[in-house]
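A quick write-up on the structure given underneath.
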Amino acid sequence: MAEEAKVVEASDEIKFSEEELKELGELQQSYQEKQAQLGQIAVQKIIINQQMEAIENRQAELEGEYEEVQQKEQEIVQKLNEKYGPGQLDPQSGVFTPAPPQEEEAPQG
């Protein structure tokens, strides 16, 4: 039989049952666990945001380096074109094949 709460005057103490105290303790424990878990998630988000920032910074650095490589390529191509003229280079064999000379069209009149 469950214990019944008795209506008492304000000065009288009411003692909760062991079952009620256990329920309240479990509820408090659940709140503490959820708060700790929310804190862990917040810390994980901070770490992930820091990692994303580092990745984005590295990506920006690499994009700059890539542009430098493209510029270097253009400089080399220009230098080789000035020295050997237009053509094709096979990078594996190192053989350069000059482009066939283009014939100028005679003006029609």
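Ordering of the structure tokens sets the chain letters (A, B, ...); residue numbers start at 1 within each chain; ligands are numbered from 1 in the order shown.
DSSP annotation of chain A from backbone atoms: strand (DSSP E) residues are A:Gly87, A:Gln88, A:Leu89, A:Asp90, A:Val95, A:Phe96, A:Thr97, A:Pro98.
Reported to one decimal place, the separation of atom CA of Val69 of chain A from atom CA of Glu82 of chain A is 19.9 Å.
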